[in-house]
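For reference, run.cif (mmCIF, C-alpha atoms):
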```
data_structure
loop_
_atom_site.label_atom_id
_atom_site.label_comp_id
_atom_site.auth_asym_id
_atom_site.auth_seq_id
_atom_site.Cartn_x
_atom_site.Cartn_y
_atom_site.Cartn_z
CA MET A 1 -7.70 35.92 1.89
CA PRO A 2 -6.98 32.33 1.02
CA SER A 3 -3.45 31.23 1.65
CA GLN A 4 -1.46 30.46 -1.44
CA ILE A 5 1.64 28.43 -2.05
CA LYS A 6 3.81 29.14 -5.02
CA MET A 7 6.11 26.50 -6.37
CA THR A 8 9.07 27.23 -8.56
CA ALA A 9 8.52 25.48 -11.86
CA ARG A 10 11.26 24.40 -14.23
CA THR A 11 11.16 26.09 -17.60
CA PRO A 12 12.95 25.34 -20.88
CA GLU A 13 14.64 28.74 -20.65
CA SER A 14 16.09 28.01 -17.22
CA CYS A 15 17.00 24.38 -17.90
CA GLN A 16 20.65 23.78 -17.05
CA PHE A 17 20.82 20.90 -19.52
CA ARG A 18 19.60 22.79 -22.59
CA GLN A 19 22.18 24.05 -25.07
CA THR A 20 21.40 26.19 -28.10
CA ILE A 21 22.63 25.03 -31.48
CA ASP A 22 22.69 26.61 -34.93
CA ASP A 23 19.08 25.75 -35.62
CA ALA A 24 17.06 28.22 -33.57
CA ALA A 25 14.14 25.80 -33.19
CA LEU A 26 16.21 22.94 -31.83
CA TYR A 27 18.37 22.37 -28.77
CA ARG A 28 20.92 19.89 -27.51
CA CYS A 29 20.10 18.10 -24.26
CA ASP A 30 23.06 17.40 -21.97
CA VAL A 31 21.27 14.54 -20.23
CA LEU A 32 20.69 12.81 -23.55
CA SER A 33 24.28 13.57 -24.58
CA ALA A 34 25.60 11.82 -21.49
CA LEU A 35 23.34 8.83 -22.02
CA LEU A 36 23.68 8.49 -25.79
CA MET A 37 27.43 8.43 -25.95
CA GLY A 38 29.53 8.16 -29.08
CA ASP A 39 27.77 7.62 -32.36
CA LEU A 40 24.27 8.47 -31.17
CA GLN A 41 24.90 12.19 -30.69
CA ASP A 42 22.40 13.07 -33.43
CA GLY A 43 19.75 11.76 -31.09
CA THR A 44 20.52 14.37 -28.48
CA VAL A 45 18.85 17.19 -30.41
CA VAL A 46 15.37 17.99 -29.19
CA SER A 47 12.53 20.32 -30.06
CA GLU A 48 10.86 22.97 -27.91
CA ASP A 49 7.90 20.59 -27.42
CA VAL A 50 10.21 18.05 -25.81
CA CYS A 51 11.70 20.67 -23.49
CA LYS A 52 8.25 21.85 -22.44
CA ALA A 53 7.09 18.30 -21.72
CA CYS A 54 10.28 17.54 -19.78
CA CYS A 55 9.95 20.67 -17.66
CA ARG A 56 6.53 19.55 -16.48
CA LEU A 57 8.32 16.75 -14.65
CA PHE A 58 11.08 16.33 -12.14
CA GLU A 59 14.58 17.22 -13.22
CA PRO A 60 16.18 14.21 -14.90
CA SER A 61 19.66 12.87 -14.44
CA THR A 62 21.53 10.04 -16.11
CA ARG A 63 20.69 7.79 -13.17
CA ASP A 64 17.11 8.89 -12.87
CA LEU A 65 15.25 9.47 -16.12
CA ASN A 66 11.90 11.15 -16.21
CA PRO A 67 9.42 9.64 -18.72
CA VAL A 68 10.27 12.23 -21.38
CA ILE A 69 13.98 11.49 -21.35
CA ALA A 70 13.23 7.77 -21.04
CA SER A 71 11.02 8.01 -24.15
CA LEU A 72 13.72 9.66 -26.20
CA VAL A 73 16.43 7.27 -25.10
CA TRP A 74 14.20 4.30 -25.83
CA SER A 75 13.35 5.57 -29.32
CA ARG A 76 16.92 6.46 -30.25
CA VAL A 77 18.41 3.26 -28.90
CA SER A 78 15.81 0.88 -30.29
CA GLU A 79 16.47 2.34 -33.72
CA ALA A 80 20.24 2.11 -33.29
CA LEU A 81 20.00 -1.54 -32.28
CA THR A 82 18.81 -2.44 -35.75
CA ASP A 83 21.47 -0.52 -37.67
CA GLU A 84 24.44 -2.10 -39.33
CA LEU A 85 26.89 -0.98 -36.66
CA SER A 86 25.03 -2.87 -33.96
CA LEU A 87 24.54 -5.94 -36.09
CA ASN A 88 28.30 -6.17 -36.61
CA ASN A 89 29.42 -5.15 -33.13
CA SER A 90 28.25 -7.32 -30.27
CA GLU A 91 29.80 -5.06 -27.63
CA ARG A 92 27.88 -2.06 -28.94
CA SER A 93 24.73 -4.12 -29.21
CA GLU A 94 25.07 -5.33 -25.63
CA ARG A 95 25.68 -1.81 -24.30
CA LEU A 96 22.70 -0.43 -26.17
CA SER A 97 20.46 -3.30 -25.07
CA LYS A 98 21.29 -2.52 -21.46
CA LEU A 99 20.54 1.16 -22.02
CA LEU A 100 17.26 0.26 -23.73
CA GLN A 101 16.22 -1.83 -20.76
CA PHE A 102 17.14 0.97 -18.39
CA ALA A 103 15.09 3.49 -20.37
CA GLU A 104 12.13 1.13 -20.50
CA SER A 105 12.18 0.67 -16.73
CA ASN A 106 11.73 4.41 -16.39
CA ILE A 107 8.58 4.58 -18.50
CA PRO A 108 5.71 4.04 -16.06
CA VAL A 109 2.97 1.63 -17.08
CA VAL A 110 -0.17 3.72 -17.06
CA LEU A 111 -3.70 3.10 -18.28
CA GLY A 112 -4.43 4.46 -21.74
CA ASP A 113 -6.88 7.04 -20.45
CA GLU A 114 -4.47 8.39 -17.85
CA ASN A 115 -1.55 10.73 -18.13
CA ASP A 116 1.93 9.39 -17.45
CA LEU A 117 3.34 12.89 -17.23
CA PRO A 118 1.78 14.10 -14.00
CA VAL A 119 1.63 17.84 -13.78
CA PHE A 120 2.84 19.12 -10.46
CA PRO A 121 0.56 22.03 -9.62
CA LYS A 122 2.29 25.37 -9.37
CA GLN A 123 -0.22 26.73 -6.93
CA PHE A 124 -2.76 25.36 -4.53
CA GLU A 125 -5.40 27.48 -2.95
CA THR A 126 -6.96 26.93 0.43
CA GLN A 127 -10.66 27.22 -0.22
CA ARG A 128 -13.61 27.92 2.01
CA GLN A 129 -14.90 24.82 3.73
CA ILE A 130 -17.80 22.73 2.57
CA PRO A 131 -20.09 21.45 5.38
CA VAL A 132 -19.14 18.08 6.83
CA GLY A 133 -22.53 16.68 5.88
CA ARG A 134 -21.49 16.65 2.25
CA ILE A 135 -18.68 14.22 3.07
CA HIS A 136 -21.13 11.97 4.90
CA GLU A 137 -23.31 11.91 1.77
CA SER A 138 -20.41 11.10 -0.52
CA LEU A 139 -18.65 8.65 1.78
CA PRO A 140 -21.16 6.77 3.95
CA GLU A 141 -19.85 5.25 7.14
CA LEU A 142 -19.36 1.50 7.52
CA VAL A 143 -21.48 1.03 10.67
CA GLU A 144 -23.89 3.36 12.38
CA VAL A 145 -23.03 2.25 15.89
CA GLY A 146 -19.54 1.66 17.18
CA GLN A 147 -16.43 3.39 18.41
CA GLN A 148 -15.25 6.77 17.22
CA ILE A 149 -11.85 8.31 16.61
CA ASN A 150 -11.53 11.37 18.81
CA ASP A 151 -8.10 11.37 20.33
CA TRP A 152 -5.24 11.74 17.87
CA ALA A 153 -1.49 11.84 17.64
CA VAL A 154 -0.38 12.76 14.14
CA GLY A 155 3.05 12.44 12.56
CA VAL A 156 4.28 13.38 9.11
CA THR A 157 7.26 11.50 7.73
CA THR A 158 9.43 13.38 5.28
CA ALA A 159 12.73 13.21 3.46
CA ALA A 160 14.42 14.94 0.57
CA ARG A 161 12.55 14.70 -2.74
CA ARG A 162 13.36 15.88 -6.20
CA ILE A 163 10.18 17.93 -6.13
CA PRO A 164 9.39 18.88 -2.52
CA THR A 165 5.83 18.18 -1.42
CA LEU A 166 6.05 18.80 2.33
CA GLU A 167 4.72 22.35 2.20
CA LEU A 168 1.68 21.27 0.21
CA CYS A 169 1.12 18.35 2.54
CA LEU A 170 1.29 20.42 5.74
CA THR A 171 -0.83 23.25 4.41
CA SER A 172 -3.55 20.91 3.21
CA LEU A 173 -3.34 18.81 6.37
CA ALA A 174 -3.90 21.95 8.47
CA ALA A 175 -6.87 22.96 6.31
CA ALA A 176 -8.34 19.48 6.74
CA GLY A 177 -8.13 19.83 10.53
CA TRP A 178 -4.69 18.85 11.80
CA GLN A 179 -2.71 22.01 12.48
CA ARG A 180 0.13 20.67 14.57
CA PRO A 181 1.46 17.30 13.50
CA LYS A 182 4.89 16.15 14.56
CA LEU A 183 7.45 16.07 11.79
CA PHE A 184 9.74 13.08 11.42
CA ILE A 185 12.56 14.19 9.17
CA ASP A 186 14.87 11.64 7.63
CA GLY A 187 18.19 13.23 6.77
CA ASP A 188 19.22 16.69 5.78
CA LEU A 189 16.25 18.73 4.58
CA GLN A 190 15.57 22.40 4.11
CA LEU A 191 12.20 22.91 5.74
CA PRO A 192 9.49 25.03 4.18
CA ARG A 193 7.98 27.87 6.23
CA PRO A 194 4.90 25.98 7.54
CA ALA A 195 7.17 23.30 8.98
CA LEU A 196 9.46 25.53 11.00
CA ALA A 197 7.23 25.91 14.04
CA LEU A 198 6.19 22.27 14.22
CA PRO A 199 7.64 19.79 16.71
CA GLN A 200 10.14 17.57 15.00
CA THR A 201 12.44 14.62 15.25
CA VAL A 202 15.39 14.63 12.86
CA ARG A 203 17.23 11.45 11.97
CA TYR A 204 20.71 12.06 10.72
CA PRO A 205 22.28 10.54 8.75
CA THR A 206 19.40 9.25 6.66
CA THR A 207 17.85 6.05 7.97
CA GLY A 208 15.63 5.19 4.98
CA ALA A 209 11.90 5.45 4.44
CA TRP A 210 10.95 2.24 6.23
CA SER A 211 13.06 2.90 9.29
CA ASN A 212 11.75 6.45 9.57
CA TYR A 213 8.18 5.21 9.32
CA TYR A 214 8.65 2.48 11.92
CA HIS A 215 10.45 4.67 14.45
CA SER A 216 8.01 7.53 13.94
CA LEU A 217 5.07 5.33 14.82
CA ALA A 218 7.02 3.92 17.78
CA GLU A 219 7.81 7.42 19.00
CA LEU A 220 4.18 8.54 18.80
CA LEU A 221 3.27 5.45 20.76
CA GLU A 222 5.89 6.08 23.43
CA THR A 223 5.47 9.81 23.84
CA THR A 224 1.70 10.23 23.68
CA ARG A 225 -1.34 8.61 25.20
CA ALA A 226 -3.45 9.09 22.11
CA SER A 227 -5.97 6.38 21.30
CA PHE A 228 -5.33 6.73 17.58
CA LEU A 229 -2.04 7.36 15.81
CA MET A 230 -1.93 8.68 12.28
CA ILE A 231 1.18 8.62 10.13
CA VAL A 232 0.97 10.78 7.02
CA GLN A 233 3.60 10.65 4.30
CA ASP A 234 4.75 13.98 2.95
CA ASP A 235 3.27 13.42 -0.49
CA ALA A 236 -0.31 13.33 0.79
CA TRP A 237 -2.58 16.10 -0.42
CA TRP A 238 -5.73 16.67 1.64
CA PRO A 239 -8.82 18.38 0.28
CA THR A 240 -8.47 21.88 1.68
CA GLN A 241 -12.16 22.67 1.25
CA LEU A 242 -13.33 19.73 3.37
CA PRO A 243 -13.31 19.26 7.17
CA VAL A 244 -11.90 15.75 6.94
CA ARG A 245 -10.86 15.55 10.58
CA GLN A 246 -14.36 16.51 11.75
CA TYR A 247 -15.82 13.87 9.44
CA LEU A 248 -13.47 11.14 10.69
CA GLU A 249 -14.34 12.01 14.28
CA GLN A 250 -18.06 11.71 13.57
CA ILE A 251 -18.22 8.34 11.83
CA HIS A 252 -18.23 4.97 13.58
CA TRP A 253 -16.00 1.93 13.40
CA PRO A 254 -16.61 -1.70 14.34
CA SER A 255 -15.95 -2.36 18.00
CA CYS A 256 -12.60 -4.11 17.74
CA ASP A 257 -9.52 -3.20 19.67
CA ARG A 258 -6.98 -3.43 16.88
CA PHE A 259 -7.66 -1.96 13.46
CA ILE A 260 -6.22 0.34 10.82
CA VAL A 261 -7.96 2.98 8.72
CA SER A 262 -6.44 4.18 5.47
CA ALA A 263 -7.58 7.65 4.42
CA TYR A 264 -6.17 6.85 1.00
CA CYS A 265 -7.49 4.52 -1.66
CA CYS A 266 -5.49 3.95 -4.83
CA ALA A 267 -6.95 3.36 -8.28
CA ASN A 268 -6.62 -0.42 -8.00
CA ASP A 269 -8.58 -0.59 -4.76
CA THR A 270 -11.36 1.78 -5.73
CA SER A 271 -14.77 0.21 -5.30
CA PRO A 272 -17.68 0.71 -7.72
CA ILE A 273 -19.80 1.62 -4.68
CA ALA A 274 -18.99 4.65 -2.54
CA GLY A 275 -18.36 4.00 1.14
CA TRP A 276 -15.96 2.42 3.58
CA ARG A 277 -15.16 -1.25 3.39
CA GLN A 278 -12.95 -3.73 5.15
CA TYR A 279 -10.14 -4.75 2.83
CA GLY A 280 -10.64 -8.37 1.91
CA ASP A 281 -7.19 -9.32 0.66
CA ILE A 282 -3.59 -8.59 1.58
CA TRP A 283 -3.51 -4.79 1.41
CA LYS A 284 -0.45 -3.42 -0.35
CA TYR A 285 -1.09 -0.13 -2.13
CA GLY A 286 -0.24 3.13 -0.48
CA ALA A 287 0.71 3.92 3.12
CA VAL A 288 -0.06 7.54 2.31
CA ALA A 289 -2.16 8.26 5.41
CA LEU A 290 -2.83 5.46 7.90
CA ILE A 291 -4.61 5.64 11.24
CA PHE A 292 -3.67 2.92 13.73
CA SER A 293 -5.68 2.19 16.84
CA ARG A 294 -3.27 2.34 19.75
CA SER A 295 -3.42 -1.41 20.28
CA ALA A 296 -2.79 -2.06 16.61
CA ALA A 297 0.21 0.29 16.62
CA ALA A 298 1.65 -1.41 19.72
CA ALA A 299 1.21 -4.85 18.20
CA PHE A 300 2.76 -3.72 14.92
CA ILE A 301 5.81 -2.13 16.54
CA SER A 302 6.49 -5.17 18.71
CA ASP A 303 5.93 -7.75 16.00
CA PRO A 304 9.19 -9.73 15.64
CA VAL A 305 8.96 -9.93 11.84
CA VAL A 306 8.18 -6.25 11.44
CA SER A 307 10.85 -5.10 13.87
CA SER A 308 13.46 -7.24 12.13
CA TYR A 309 13.34 -5.18 8.97
CA GLY A 310 16.34 -2.92 8.70
CA LYS A 311 17.52 0.07 6.75
CA GLU A 312 18.07 -1.93 3.60
CA GLN A 313 14.51 -3.21 3.62
CA PHE A 314 13.36 -3.47 0.01
CA ALA A 315 9.71 -4.22 0.54
CA GLY A 316 7.34 -1.28 0.53
CA ILE A 317 6.02 0.11 3.81
CA ASP A 318 2.54 -0.72 2.57
CA SER A 319 3.50 -4.31 1.81
CA ILE A 320 4.94 -4.79 5.29
CA ILE A 321 1.83 -3.37 6.95
CA GLY A 322 -0.48 -5.38 4.70
CA GLU A 323 1.36 -8.63 5.32
CA TRP A 324 1.39 -8.01 9.07
CA ALA A 325 -2.32 -7.15 9.13
CA GLU A 326 -3.17 -10.30 7.19
CA ARG A 327 -1.00 -12.49 9.41
CA ASN A 328 -2.58 -11.10 12.57
CA ARG A 329 -6.10 -10.71 11.20
CA ILE A 330 -6.11 -6.98 11.82
CA PRO A 331 -8.95 -5.37 9.86
CA LEU A 332 -7.97 -2.54 7.56
CA PHE A 333 -10.62 -0.14 6.30
CA ILE A 334 -10.39 1.87 3.09
CA PRO A 335 -12.67 4.49 1.54
CA THR A 336 -14.10 5.12 -1.91
CA PRO A 337 -13.64 7.90 -2.81
CA SER A 338 -10.21 8.47 -1.32
CA LEU A 339 -9.99 11.14 1.39
CA VAL A 340 -6.49 12.06 0.34
CA GLN A 341 -4.62 12.25 -2.95
CA HIS A 342 -1.12 10.96 -3.56
CA ILE A 343 0.80 13.82 -5.16
CA GLY A 344 4.34 12.56 -4.81
CA ASP A 345 6.08 12.62 -8.12
CA VAL A 346 8.59 10.17 -6.83
CA SER A 347 8.50 8.17 -3.66
CA THR A 348 11.21 8.82 -1.12
CA LEU A 349 11.50 5.06 -0.90
CA TRP A 350 11.60 3.96 -4.51
CA ARG A 351 13.60 5.86 -7.05
CA THR A 352 11.41 4.83 -9.95
CA ALA A 353 8.00 4.64 -8.32
CA ARG A 354 5.88 7.53 -9.47
CA ALA A 355 2.46 8.61 -8.40
CA VAL A 356 0.80 7.80 -11.68
CA GLY A 357 -1.55 5.02 -12.69
CA VAL A 358 -2.51 2.82 -9.78
CA ARG A 359 -0.49 4.94 -7.38
CA ARG A 360 -2.98 7.77 -7.61
CA ALA A 361 -6.48 7.81 -6.24
CA SER A 362 -8.77 7.52 -9.25
CA ARG A 363 -11.62 8.85 -7.11
CA PHE A 364 -10.55 11.65 -4.79
CA ILE A 365 -13.19 13.33 -2.67
CA GLY A 366 -11.42 16.65 -3.13
CA ASP A 367 -12.23 16.44 -6.84
CA GLU A 368 -15.81 15.39 -6.26
CA LEU A 369 -16.88 17.92 -3.64
CA VAL A 370 -16.09 21.42 -4.79
CA LEU A 371 -17.70 24.76 -4.19
CA PRO A 372 -19.80 26.00 -7.10
CA VAL A 373 -18.17 28.84 -8.96
CA ALA A 374 -20.99 31.24 -8.08
CA ASP A 375 -20.90 30.32 -4.40
CA MET B 376 27.68 14.07 -15.17
CA ASN B 377 27.56 10.46 -14.09
CA ASP B 378 27.27 8.19 -17.11
CA GLU B 379 26.86 4.96 -15.23
CA VAL B 380 23.71 3.03 -16.09
CA PRO B 381 22.50 1.48 -12.86
CA ASN B 382 20.52 -1.68 -12.48
CA ILE B 383 17.14 -0.57 -11.23
CA ARG B 384 15.29 -3.00 -9.03
CA MET B 385 11.55 -2.76 -9.51
CA ILE B 386 10.57 -4.42 -6.28
CA SER B 387 7.97 -2.15 -4.75
CA SER B 388 4.46 -3.45 -4.86
CA ASP B 389 3.50 -0.12 -6.31
CA THR B 390 5.60 -0.40 -9.39
CA GLN B 391 3.97 -3.44 -10.92
CA PRO B 392 0.58 -2.26 -12.10
CA ALA B 393 0.52 -4.54 -15.14
CA PRO B 394 -0.06 -8.18 -14.20
CA HIS B 395 -0.66 -9.06 -17.86
CA GLY B 396 2.40 -7.26 -19.14
CA TYR B 397 2.41 -4.08 -21.14
CA ALA B 398 2.88 -2.60 -24.59
CA LEU B 399 4.92 0.38 -25.70
CA TRP B 400 3.30 2.90 -28.01
CA GLU B 401 5.12 5.68 -29.86
CA PHE B 402 3.50 8.96 -30.81
CA THR B 403 4.18 9.60 -34.49
CA GLY B 404 2.95 13.16 -34.43
CA HIS B 405 -0.56 12.12 -35.44
CA ASP B 406 -1.37 8.84 -33.74
CA TRP B 407 0.10 6.09 -31.60
CA MET B 408 2.04 3.23 -33.18
CA LEU B 409 2.67 -0.05 -31.40
CA LYS B 410 6.42 -0.43 -30.89
CA LYS B 411 6.72 -3.34 -28.48
CA ASP B 412 4.40 -6.01 -27.18
CA ALA B 413 5.56 -7.19 -23.76
CA SER B 414 2.29 -8.92 -22.91
CA VAL B 415 2.41 -12.13 -20.94
CA ALA B 416 1.16 -15.33 -22.58
CA GLY B 417 -2.57 -15.13 -23.22
CA ALA B 418 -2.72 -11.33 -23.05
CA ILE B 419 -2.76 -8.71 -25.78
CA PRO B 420 -1.88 -5.00 -25.83
CA GLY B 421 -4.57 -2.72 -24.45
CA LYS B 422 -5.85 0.21 -26.44
CA PRO B 423 -3.31 2.95 -27.20
CA PRO B 424 -3.30 6.13 -25.12
CA ARG B 425 -6.46 8.10 -25.57
CA SER B 426 -4.84 11.54 -25.62
CA PRO B 427 -2.39 12.65 -28.29
CA GLY B 428 1.27 12.70 -27.31
CA LEU B 429 3.03 15.86 -26.26
CA PHE B 430 5.85 15.42 -28.76
CA LYS B 431 6.80 13.21 -31.68
CA GLY B 432 8.65 10.17 -30.40
CA GLN B 433 6.95 10.07 -26.99
CA ILE B 434 6.70 6.51 -25.71
CA ARG B 435 3.84 5.38 -23.49
CA ALA B 436 3.62 2.05 -21.66
CA VAL B 437 0.06 0.78 -21.40
CA PRO B 438 -1.05 -2.35 -19.48
CA SER B 439 -1.95 -5.38 -21.58
CA VAL B 440 -5.30 -7.06 -21.18
CA THR B 441 -6.78 -10.51 -21.38
CA ILE B 442 -9.84 -11.38 -23.41
CA SER B 443 -12.34 -13.51 -21.55
#
```

So, in terms of structure tokens, how does the structure I just supplied come out?
Amino acid sequence: MPSQIKMTARTPESCQFRQTIDDAALYRCDVLSALLMGDLQDGTVVSEDVCKACCRLFEPSTRDLNPVIASLVWSRVSEALTDELSLNNSERSERLSKLLQFAESNIPVVLGDENDLPVFPKQFETQRQIPVGRIHESLPELVEVGQQINDWAVGVTTAARRIPTLELCLTSLAAAGWQRPKLFIDGDLQLPRPALALPQTVRYPTTGAWSNYYHSLAELLETTRASFLMIVQDDAWWPTQLPVRQYLEQIHWPSCDRFIVSAYCCANDTSPIAGWRQYGDIWKYGAVALIFSRSAAAAFISDPVVSSYGKEQFAGIDSIIGEWAERNRIPLFIPTPSLVQHIGDVSTLWRTARAVGVRRASRFIGDELVLPVAD
Amino acid sequence: MNDEVPNIRMISSDTQPAPHGYALWEFTGHDWMLKKDASVAGAIPGKPPRSPGLFKGQIRAVPSVTIS
């Protein structure tokens, strides 16, 4: 029997913000009411379609709008800014302009053929495995002769999210070949069942995403003798039907002491030609699943610039790693198609960064290699 | 409920997927109508979203493009 994970989905009926009104087909939204104060209360009435779309996403708040709420606020406020009240009241106009800007910042910029309302799957199924040879065909190795990755230490960094992804990450990671990663937990977190038996380090109070990442890599370095250290973020989804670990242990890498392999490739970095390639610019998109050679990890941890970043670091983890790699001429290899998908609805690091558009892998090997229905 | 409107800092490298700016499109119930052109100089709005909206009034932000 395949293992199954059930997620609890939000529904319009269970929404704590939805209030019934006299019109049976319409509802009042408390989040909109709190945002559209005073004379914009008419704009807080929504249809069932709006509620359904909103419930596909993370639960909104007045500080953290999902794209559905952001859409409605933007529409209502942009209209109000042109009415007579706003034209004659600069204070109102200023307040609404600020709200408009806030709403706009919560509407992710996404290509026209993509969906900006990512559906968080209610259920994933662990499928039977496809032979490793199929991965080799779809993702040719970079060099035929060279070193191999065969000695791992694996850590998963995690923190509280609005929509938890850790269970999906761990289950898929195990199916892909890594059954016992170490968990690095930042702050107070209720662990899902698959996480309970795993070794763990808990940082309390919360240290922040960057600090957790840095210290997790440092701890793997200090406490293991592994030749390769992989840090996986908890919003990574591995193809459960593919033996990714076996594949990564079979392919070859250039014979250099210090290098990084990203199992993830975002939409922006996707190549027209399938295969691995050395990244030719300053890498910056997606520290979703990175493998450091031991020497690279040691150099990264001890780098004075890198180690100077503190809790309030506002550059992305990926940006820090990319800048460091460029500065030290550390090669970083990325695949097309991506070996892992980025499922995080919202990053633990950035409140408004969502895994849509360039933050998703546009080519994910888990979508491309599937078992035929009749198989 | 907290009614404070915070200043959101969009600093992450991941949150700037539109080097040429963007345009906002509103779903009218039938098609997409251009509501705002925030393209940088020399760029124009890209095509509207390909799929219909999920509800009337939905706003989509689509990257702007340059014409070479």

ask   = Residues picked by the PyMOL selection byres ((chain B and resi 397-409) around 6) here, as a list in words?
value =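 After applying the PyMOL selection byres ((chain B and resi 397-409) around 6), what remains is Gly396, Lys410, Lys411, Asp412, Ala413, Ser414, Pro420, Gly428, Lys431, Gly432, Gln433, Ile434, Arg435, Ala436, Val437, Pro438 and Ser439 of chain B.
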
task = Please provide the set of residues having any atom within 10 Å of Val340 (chain A), restricted to all atoms listed in the file, with same-chain residues fewer than 5 positions apart removed, written as a ChimeraX atom specification.
result = /A:172-173,176,235-239,244,262-266,288-289,335,360-361,363-366

remark   = Between B:Thr441, B:Pro394, B:Pro427, B:Lys422, smallest distance to chain A by all atoms listed in the file belongs to B:Lys422

task = Spell out the residues picked by the PyMOL selection byres ((chain A and resi 231) around 7) here, as a PyMOL selection string.
result = chain A and resi 154-156+217+229-230+232-233+289-291

ask   = So which residues touch region 75-79 of chain A within 8 Å, counting only C-alpha atoms, skipping near sequence neighbours fewer than 5 positions away, as an MDAnalysis selection string?
value = (chainID A and resid 40 43 96:97 99:100) or (chainID B and resid 432 434)
